[in-house]
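**Student:** Please read through the structure below; I'll follow up with questions.
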Amino acid sequence: MEYTVESILTYLKGAGNEKMKKHHLKAGAGDYLFGVQMGDIRKLANKIKVNHKLAMDLWKSENTDARFLAVLLMESVKLSITDLYVLTTSEKYTYVIDWLTSYVIKVHPDMENIRQAWLLDNHIMVKRVAWSLTSHQVNHHPDLLNIPSVLNEIESKMAISAPEIQWTMNATLAQIGIRLPAYTEAAISIGEKIGLYKDFPVSKGCTSPYAPVWIEALLAKNRPH
């Protein structure tokens, strides 16, 4: 099979799943999608291998499934900060943005500079990414962060932020509580004060995104028995 944008879109259309399509639409995806299973997208990416030019052309198609695939084919080092900003601001679906963050932006050599700059930006998806990167740094490089300042920002702004931003701010709060014992009580207190996701429906066996419960659950799981 020759991998062109046209041939890939044809393949994706044939691999579409109506149930998955409805799931993505309900979650906020645009109308141009086929609903391909994530596993099938990963398998196709493994066959194509890294192909940055093809990835960028697939992204330009604006098809949701093609954008998921594009993320897996991109070479992060070939993208400037401006390129990443354009990609981020050209997509409205949080699931695609989260893939872009995880597979491309988090491994970019300028990731910390991106994080700092994008925290000051007002674009919803840009700020969502910035807080996701902050959560990442809590886990991997907390020494680069002013944790009291981060907690203050969350306490003062999470409740009034857009839902897309609240999700990654809340993840940052939970990770601070889980990973940094000196700030566990403060993180739980802030989570209780804000109350975000307290009544969030959770499937059996899953952890609530409500920060105090999330923090306690992970700490309990990691305690020696």
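Chains: A, B, ... in order of the structure tokens. Residues: from 1 per chain. Ligands: from 1, in order shown.
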Need to verify the contact set: Thr10 of chain A, 12 Å, only C-alpha atoms, exclusion of same-chain residues closer than 6 positions in sequence. Can you return it as a list in words?

**Tutor:**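 So, after excluding close chain neighbours, the residues are Met1, Glu2, Tyr3, Thr4, Gly16, Leu33, Phe34, Val36, Asn63, Asp65 and Ala66 of chain A.
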
**Student:** The selected residues should be written to file as an mmCIF file, in the first residue's frame (atoms: N, CA and C atoms).

**Tutor:**
data_model
loop_
_atom_site.group_PDB
_atom_site.id
_atom_site.type_symbol
_atom_site.label_atom_id
_atom_site.label_comp_id
_atom_site.auth_asym_id
_atom_site.auth_seq_id
_atom_site.Cartn_x
_atom_site.Cartn_y
_atom_site.Cartn_z
ATOM 1 N N MET A 1 0.837 -1.202 0.000
ATOM 2 C CA MET A 1 0.000 0.000 0.000
ATOM 3 C C MET A 1 0.875 1.257 0.000
ATOM 4 N N GLU A 2 0.580 2.159 -0.913
ATOM 5 C CA GLU A 2 1.297 3.436 -0.932
ATOM 6 C C GLU A 2 0.597 4.388 0.037
ATOM 7 N N TYR A 3 1.367 4.919 0.968
ATOM 8 C CA TYR A 3 0.774 5.750 2.009
ATOM 9 C C TYR A 3 0.718 7.212 1.581
ATOM 10 N N THR A 4 -0.436 7.603 1.100
ATOM 11 C CA THR A 4 -0.708 8.994 0.768
ATOM 12 C C THR A 4 -1.889 9.440 1.620
ATOM 13 N N GLY A 16 -13.864 2.660 9.869
ATOM 14 C CA GLY A 16 -14.678 3.415 10.822
ATOM 15 C C GLY A 16 -15.673 2.559 11.585
ATOM 16 N N LEU A 33 -15.111 12.834 10.923
ATOM 17 C CA LEU A 33 -14.395 11.700 11.497
ATOM 18 C C LEU A 33 -15.099 10.416 11.090
ATOM 19 N N PHE A 34 -14.366 9.299 11.210
ATOM 20 C CA PHE A 34 -14.911 8.001 10.837
ATOM 21 C C PHE A 34 -15.128 7.088 12.043
ATOM 22 N N VAL A 36 -12.528 5.454 13.923
ATOM 23 C CA VAL A 36 -11.626 4.304 13.890
ATOM 24 C C VAL A 36 -11.153 3.980 15.307
ATOM 25 N N ASN A 63 -9.384 15.786 9.392
ATOM 26 C CA ASN A 63 -10.130 14.596 9.825
ATOM 27 C C ASN A 63 -9.605 14.147 11.181
ATOM 28 N N ASP A 65 -9.667 11.244 12.843
ATOM 29 C CA ASP A 65 -8.902 9.992 12.855
ATOM 30 C C ASP A 65 -7.515 10.202 12.256
ATOM 31 N N ALA A 66 -7.453 10.979 11.168
ATOM 32 C CA ALA A 66 -6.173 11.262 10.521
ATOM 33 C C ALA A 66 -5.264 12.072 11.442
#

**Student:** List as a tab-separated table every residue of segment 47-79 of chain A that is in contact with segment 84-100 of chain A, defined as an atom at most 8 Å from one of its atoms (using only C-alpha atoms), together with the nearest atom pair and the distance in Å rounded to one decimal, sorted by chain and then rising number.

**Tutor:**
residue	atom	partner	partner_atom	distance
A:Thr64	CA	A:Val96	CA	7.6
A:Arg67	CA	A:Val96	CA	7.1
A:Phe68	CA	A:Val96	CA	6.1
A:Val71	CA	A:Leu100	CA	5.8
A:Leu79	CA	A:Leu84	CA	6.4

**Student:** Just the residues within 12 Å of Glu185 of chain A, please, counting only C-alpha atoms, with nothing from its chain fewer than 4 positions along; format it as a short mmCIF file (atom, residue, chain, number, x, y, z; two decimals) with C-alpha atoms, in the first residue's frame.

**Tutor:**
data_model
loop_
_atom_site.label_atom_id
_atom_site.label_comp_id
_atom_site.auth_asym_id
_atom_site.auth_seq_id
_atom_site.Cartn_x
_atom_site.Cartn_y
_atom_site.Cartn_z
CA LEU A 151 -0.98 25.87 44.20
CA LEU A 173 -3.28 19.54 41.88
CA ALA A 174 -3.72 15.80 42.36
CA ILE A 176 1.21 17.59 43.72
CA GLY A 177 -0.74 15.93 46.51
CA ILE A 178 0.41 12.45 45.49
CA ARG A 179 4.04 13.09 44.60
CA LEU A 180 5.08 15.82 47.03
CA PRO A 181 4.36 14.87 50.66
CA SER A 189 -7.53 21.33 51.26
CA ILE A 190 -7.62 23.24 47.97
CA GLY A 191 -9.48 20.38 46.31
CA GLU A 192 -12.07 20.34 49.09
CA ALA A 211 -8.65 15.62 43.83
CA PRO A 212 -8.98 14.76 47.55
CA ILE A 215 -4.87 11.79 46.21
CA GLU A 216 -5.98 9.57 49.09
#

**Student:** Tell me, as a list in words, which residues lie within 10 Å of Gln137 of chain A, counting only C-alpha atoms; anything in the same chain fewer than 5 positions away does not count.

**Tutor:**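 My reading of the contact set: Lys106, Met111, Glu112, Arg115, Trp131, Ser132, Pro142, Asp143, Leu144, Leu145, Thr172, Gln175 and Ile176 of chain A.
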
**Student:** Figure out the distance between atom CA of Val150 of chain A and atom CA of Ala186 of chain A, please, to one decimal in Å.

**Tutor:**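 Separation of atom CA of Ala186 of chain A and atom CA of Val150 of chain A: 11.6 Å.
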
**Student:** Please measure the separation of atom CA of Trp118 of chain A and atom CA of Asp31 of chain A, giving the value in Å to one decimal.

**Tutor:**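 Separation of atom CA of Trp118 of chain A and atom CA of Asp31 of chain A: 27.9 Å.
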
**Student:** Nearest to Phe200 of chain A: which of A:Leu119, A:Ile188, A:Ile81, A:Val213 is it, counting only C-alpha atoms?

**Tutor:**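 Answer, going by the shortest atom-to-atom distance: A:Val213.
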